[in-house]
file input34.cif (mmCIF, C-alpha atoms)
data_entry
loop_
_atom_site.group_PDB
_atom_site.id
_atom_site.type_symbol
_atom_site.label_atom_id
_atom_site.label_comp_id
_atom_site.auth_asym_id
_atom_site.auth_seq_id
_atom_site.Cartn_x
_atom_site.Cartn_y
_atom_site.Cartn_z
ATOM 1 C CA MET A 196 20.008 -8.910 15.032
ATOM 2 C CA LEU A 197 21.611 -11.706 17.014
ATOM 3 C CA LEU A 198 23.913 -9.202 18.723
ATOM 4 C CA LEU A 199 20.924 -7.075 19.727
ATOM 5 C CA LEU A 200 19.051 -10.068 21.167
ATOM 6 C CA VAL A 201 22.114 -11.188 23.106
ATOM 7 C CA SER A 202 22.714 -7.692 24.492
ATOM 8 C CA VAL A 203 19.065 -7.327 25.555
ATOM 9 C CA PHE A 204 19.200 -10.769 27.175
ATOM 10 C CA LEU A 205 22.411 -9.887 29.055
ATOM 11 C CA LEU A 206 20.923 -6.563 30.189
ATOM 12 C CA HIS A 207 17.870 -8.402 31.483
ATOM 13 C CA LEU A 208 20.048 -10.941 33.289
ATOM 14 C CA MET A 209 22.103 -8.139 34.839
ATOM 15 C CA ILE A 210 18.918 -6.447 36.080
ATOM 16 C CA ILE A 211 17.759 -9.685 37.716
ATOM 17 C CA ILE A 212 21.120 -10.116 39.457
ATOM 18 C CA PHE A 213 21.064 -6.497 40.669
ATOM 19 C CA LEU A 214 17.493 -6.883 41.954
ATOM 20 C CA ILE A 215 18.327 -10.066 43.858
ATOM 21 C CA ILE A 216 21.412 -8.474 45.410
ATOM 22 C CA SER A 217 19.576 -5.315 46.408
ATOM 23 C CA THR A 218 16.708 -7.311 47.894
ATOM 24 C CA ALA A 219 18.848 -9.716 49.909
ATOM 25 C CA ASN A 220 21.921 -7.685 50.854
ATOM 26 C CA ASN A 221 22.187 -5.859 54.196
ATOM 27 C CA VAL A 222 23.291 -2.404 53.080
ATOM 28 C CA TRP A 223 20.329 -0.144 52.370
ATOM 29 C CA TRP A 224 21.481 2.165 55.165
ATOM 30 C CA THR A 225 24.790 1.839 56.924
ATOM 31 C CA THR A 226 26.794 3.488 59.693
ATOM 32 C CA ASN A 227 29.953 2.540 61.526
ATOM 33 C CA ASP A 228 27.905 0.625 64.129
ATOM 34 C CA TYR A 229 25.149 -1.080 62.161
ATOM 35 C CA GLY A 230 23.676 -1.771 58.755
ATOM 36 C CA LYS A 231 19.992 -1.889 57.837
ATOM 37 C CA ASP A 232 18.160 -3.471 54.970
ATOM 38 C CA ILE A 233 14.508 -4.129 54.306
ATOM 39 C CA TRP A 234 14.508 -7.347 56.353
ATOM 40 C CA ARG A 235 16.625 -6.779 59.480
ATOM 41 C CA LYS A 236 19.093 -4.595 61.324
ATOM 42 C CA CYS A 237 22.651 -5.879 61.797
ATOM 43 C CA PHE A 238 24.856 -4.542 64.627
ATOM 44 C CA TYR A 239 28.600 -4.913 64.103
ATOM 45 C CA ASN A 240 30.559 -6.186 67.120
ATOM 46 C CA ASN A 241 34.270 -6.928 66.546
ATOM 47 C CA GLY A 242 33.714 -7.878 62.917
ATOM 48 C CA THR A 243 30.694 -10.111 63.594
ATOM 49 C CA CYS A 244 27.098 -9.304 62.804
ATOM 50 C CA THR A 245 24.425 -9.555 65.477
ATOM 51 C CA SER A 246 21.115 -9.650 63.640
ATOM 52 C CA VAL A 247 18.017 -8.018 65.076
ATOM 53 C CA ASN A 248 14.636 -8.270 63.364
ATOM 54 C CA TYR A 249 12.528 -5.154 63.128
ATOM 55 C CA PRO A 250 10.008 -5.141 65.977
ATOM 56 C CA GLY A 251 6.470 -4.890 64.606
ATOM 57 C CA LEU A 252 6.936 -4.307 60.905
ATOM 58 C CA ASP A 253 4.961 -1.320 59.800
ATOM 59 C CA GLU A 254 3.069 -1.095 56.557
ATOM 60 C CA SER A 255 5.672 0.926 54.690
ATOM 61 C CA LEU A 256 8.415 -1.622 55.336
ATOM 62 C CA GLN A 257 6.109 -4.449 54.283
ATOM 63 C CA ALA A 258 5.252 -2.525 51.114
ATOM 64 C CA ILE A 259 8.972 -2.157 50.321
ATOM 65 C CA GLN A 260 9.554 -5.869 50.891
ATOM 66 C CA ALA A 261 6.577 -6.824 48.730
ATOM 67 C CA CYS A 262 7.573 -4.475 45.905
ATOM 68 C CA MET A 263 11.157 -5.733 45.816
ATOM 69 C CA VAL A 264 10.078 -9.380 45.797
ATOM 70 C CA LEU A 265 7.506 -8.619 43.085
ATOM 71 C CA ALA A 266 10.175 -6.824 41.040
ATOM 72 C CA VAL A 267 12.382 -9.918 41.154
ATOM 73 C CA ILE A 268 9.449 -12.186 40.249
ATOM 74 C CA PHE A 269 8.274 -9.957 37.371
ATOM 75 C CA SER A 270 11.775 -9.672 35.981
ATOM 76 C CA CYS A 271 12.350 -13.443 36.163
ATOM 77 C CA CYS A 272 8.970 -14.100 34.532
ATOM 78 C CA GLY A 273 9.835 -11.577 31.846
ATOM 79 C CA LEU A 274 13.062 -13.414 31.069
ATOM 80 C CA CYS A 275 11.238 -16.752 30.839
ATOM 81 C CA VAL A 276 8.571 -15.235 28.592
ATOM 82 C CA PHE A 277 11.291 -13.683 26.407
ATOM 83 C CA ILE A 278 12.947 -17.058 25.913
ATOM 84 C CA CYS A 279 9.591 -18.680 25.110
ATOM 85 C CA GLN A 280 8.624 -15.885 22.736
ATOM 86 C CA LEU A 281 11.990 -16.086 21.048
ATOM 87 C CA PHE A 282 11.132 -19.577 19.822
ATOM 88 C CA ALA A 283 7.324 -19.398 19.563
ATOM 89 C CA LEU A 284 6.686 -15.877 18.314
ATOM 90 C CA LYS A 285 5.889 -15.379 14.639
ATOM 91 C CA LYS A 286 8.210 -13.324 12.486
ATOM 92 C CA GLY A 287 7.424 -9.610 12.646
ATOM 93 C CA ASN A 288 5.668 -9.657 16.039
ATOM 94 C CA ARG A 289 6.807 -7.704 19.073
ATOM 95 C CA PHE A 290 7.895 -8.932 22.500
ATOM 96 C CA ILE A 291 4.978 -7.167 24.213
ATOM 97 C CA PHE A 292 4.488 -9.559 27.153
ATOM 98 C CA THR A 293 8.175 -9.468 28.018
ATOM 99 C CA GLY A 294 8.113 -5.674 27.906
ATOM 100 C CA VAL A 295 5.050 -5.556 30.158
ATOM 101 C CA PHE A 296 6.703 -7.800 32.745
ATOM 102 C CA GLN A 297 9.845 -5.685 32.673
ATOM 103 C CA LEU A 298 7.873 -2.448 32.996
ATOM 104 C CA LEU A 299 5.998 -3.940 35.973
ATOM 105 C CA ALA A 300 9.367 -4.795 37.555
ATOM 106 C CA CYS A 301 10.457 -1.216 36.885
ATOM 107 C CA LEU A 302 7.316 0.131 38.556
ATOM 108 C CA CYS A 303 7.747 -2.082 41.630
ATOM 109 C CA THR A 304 11.398 -1.076 41.939
ATOM 110 C CA VAL A 305 10.721 2.646 41.816
ATOM 111 C CA ILE A 306 7.857 2.309 44.312
ATOM 112 C CA ALA A 307 10.061 0.424 46.796
ATOM 113 C CA ALA A 308 12.973 2.850 46.461
ATOM 114 C CA SER A 309 10.682 5.864 46.744
ATOM 115 C CA ILE A 310 8.952 4.576 49.869
ATOM 116 C CA TYR A 311 12.327 3.826 51.484
ATOM 117 C CA THR A 312 13.598 7.282 50.584
ATOM 118 C CA ILE A 313 10.543 9.038 51.982
ATOM 119 C CA TYR A 314 9.883 7.093 55.184
ATOM 120 C CA PHE A 315 13.254 5.847 56.442
ATOM 121 C CA ASN A 316 16.410 7.531 57.757
ATOM 122 C CA GLN A 317 15.192 11.089 57.230
ATOM 123 C CA ASN A 318 16.202 12.361 60.685
ATOM 124 C CA GLN A 319 19.465 10.469 61.026
ATOM 125 C CA LYS A 320 22.587 12.615 60.878
ATOM 126 C CA GLU A 321 25.008 9.674 60.933
ATOM 127 C CA GLY A 322 25.162 7.117 58.173
ATOM 128 C CA TRP A 323 24.750 6.922 54.450
ATOM 129 C CA TYR A 324 22.785 5.012 51.874
ATOM 130 C CA GLY A 325 24.378 1.680 51.050
ATOM 131 C CA SER A 326 25.069 -0.216 47.879
ATOM 132 C CA SER A 327 21.739 -2.071 47.874
ATOM 133 C CA TYR A 328 19.870 1.218 47.872
ATOM 134 C CA VAL A 329 22.025 2.494 45.005
ATOM 135 C CA LEU A 330 21.528 -0.759 43.064
ATOM 136 C CA THR A 331 17.775 -0.427 43.499
ATOM 137 C CA TRP A 332 17.808 3.052 42.010
ATOM 138 C CA LEU A 333 20.115 1.795 39.240
ATOM 139 C CA CYS A 334 17.675 -1.020 38.409
ATOM 140 C CA PHE A 335 14.885 1.492 37.828
ATOM 141 C CA PRO A 336 16.246 3.151 34.648
ATOM 142 C CA LEU A 337 17.828 -0.076 33.413
ATOM 143 C CA SER A 338 14.546 -1.976 33.650
ATOM 144 C CA LEU A 339 12.676 0.957 32.113
ATOM 145 C CA ILE A 340 15.057 0.982 29.150
ATOM 146 C CA SER A 341 14.835 -2.793 28.893
ATOM 147 C CA GLY A 342 11.032 -2.745 28.983
ATOM 148 C CA ILE A 343 10.870 -0.090 26.282
ATOM 149 C CA MET A 344 13.372 -1.993 24.145
ATOM 150 C CA TYR A 345 11.308 -5.170 24.428
ATOM 151 C CA THR A 346 8.110 -3.421 23.347
ATOM 152 C CA ILE A 347 9.857 -1.838 20.338
ATOM 153 C CA LEU A 348 11.855 -4.920 19.364
ATOM 154 C CA ARG A 349 10.422 -7.061 16.543
ATOM 155 C CA LYS A 350 11.308 -10.654 15.842
ATOM 156 C CA ARG A 351 13.203 -11.058 12.608
ATOM 157 C CA GLU A 352 14.879 -13.935 10.878
#

call {"tool": "encode", "arguments": {"input": "input34.cif", "output": "structure tokens"}}
result
Amino acid sequence: MLLLLVSVFLLHLMIIIFLIISTANNVWWTTNDYGKDIWRKCFYNNGTCTSVNYPGLDESLQAIQACMVLAVIFSCCGLCVFICQLFALKKGNRFIFTGVFQLLACLCTVIAASIYTIYFNQNQKEGWYGSSYVLTWLCFPLSLISGIMYTILRKRE
């Protein structure tokens, strides 16, 4: 049982790290000349980055930003609730609140990645999706599995 709790905790911690990296890193879309994320556009000049903010953020980009920040917050709250429930929960009860927070993080992650996929970089022939975009899509099934595991998991001795 201890091994299962430790593995679930480490999975949750890994998801939080991946979410923070994918939210903050500048590689959602990249080409040889520039890289874009959900916050700014970075032009590469001789190995240095010249940052340019998006002029007039539209609603879809703000929705992506909000969903990614909410995913990080929900996942962090879920980890805190898991630690509290680990010590305060009665024997035989489930980690329902932790699972709900993790499933909310999963929902926010898939919404952000879906909006970015639908509305951005559709007509661009040059470039490719970057590591932050891939990490975001990786966080979706991991947080879904984690959320389901938390709702099934019972506290034992």

call {"tool": "residues_around", "arguments": {"input": "input34.cif", "residues": "Val264 in chain A", "least_positions_apart": "3", "cutoff": "10 Å", "atoms": "all atoms listed in the file", "output": "count of residues only"}}
result
16

call {"tool": "residues_near_point", "arguments": {"input": "input34.cif", "point": "(21.3, 0.3, 42.7)", "cutoff": "12 Å", "atoms": "all atoms listed in the file", "output": "PyMOL selection string"}}
result
chain A and resi 209-218+220+222-223+304-305+307-308+324-338

call {"tool": "residues_near_point", "arguments": {"input": "input34.cif", "point": "(26.6, 10.2, 60.3)", "cutoff": "10 Å", "atoms": "all atoms listed in the file", "output": "list in words"}}
result
Thr225, Thr226, Asn227, Gln319, Lys320, Glu321, Gly322 and Trp323 of chain A

call {"tool": "resolve_selection", "arguments": {"input": "input34.cif", "expression": "the PyMOL selection byres ((chain A and resi 339-347) around 6)", "output": "number ranges by chain"}}
result
A: 290-291, 294, 297-298, 301, 336-338, 348

call {"tool": "write_last_selection", "arguments": {"input": "input34.cif", "atoms": "C-alpha atoms", "output": "mmCIF file, keeping the file's coordinate frame"}}
result
data_model
loop_
_atom_site.group_PDB
_atom_site.id
_atom_site.type_symbol
_atom_site.label_atom_id
_atom_site.label_comp_id
_atom_site.auth_asym_id
_atom_site.auth_seq_id
_atom_site.Cartn_x
_atom_site.Cartn_y
_atom_site.Cartn_z
ATOM 1 C CA PHE A 290 7.895 -8.932 22.500
ATOM 2 C CA ILE A 291 4.978 -7.167 24.213
ATOM 3 C CA GLY A 294 8.113 -5.674 27.906
ATOM 4 C CA GLN A 297 9.845 -5.685 32.673
ATOM 5 C CA LEU A 298 7.873 -2.448 32.996
ATOM 6 C CA CYS A 301 10.457 -1.216 36.885
ATOM 7 C CA PRO A 336 16.246 3.151 34.648
ATOM 8 C CA LEU A 337 17.828 -0.076 33.413
ATOM 9 C CA SER A 338 14.546 -1.976 33.650
ATOM 10 C CA LEU A 348 11.855 -4.920 19.364
#

call {"tool": "atom_distance", "arguments": {"input": "input34.cif", "atom1": "CA of Arg349 in chain A", "atom2": "CA of Asn288 in chain A"}}
result
5.4 Å

call {"tool": "closest_residue", "arguments": {"input": "input34.cif", "among": "A:Gly273, A:Leu265, A:Ile233, A:Asn240", "to": "Leu208 in chain A", "atoms": "only C-alpha atoms"}}
result
A:Gly273

call {"tool": "atom_distance", "arguments": {"input": "input34.cif", "atom1": "CA of Leu274 in chain A", "atom2": "CA of Val295 in chain A"}}
result
11.3 Å

call {"tool": "atom_distance", "arguments": {"input": "input34.cif", "atom1": "CA of Asn221 in chain A", "atom2": "CA of Cys237 in chain A"}}
result
7.6 Å

call {"tool": "closest_residue", "arguments": {"input": "input34.cif", "among": "A:Ile313, A:Ile306, A:Cys271, A:Ala266", "to": "His207 in chain A", "atoms": "all atoms listed in the file"}}
result
A:Cys271
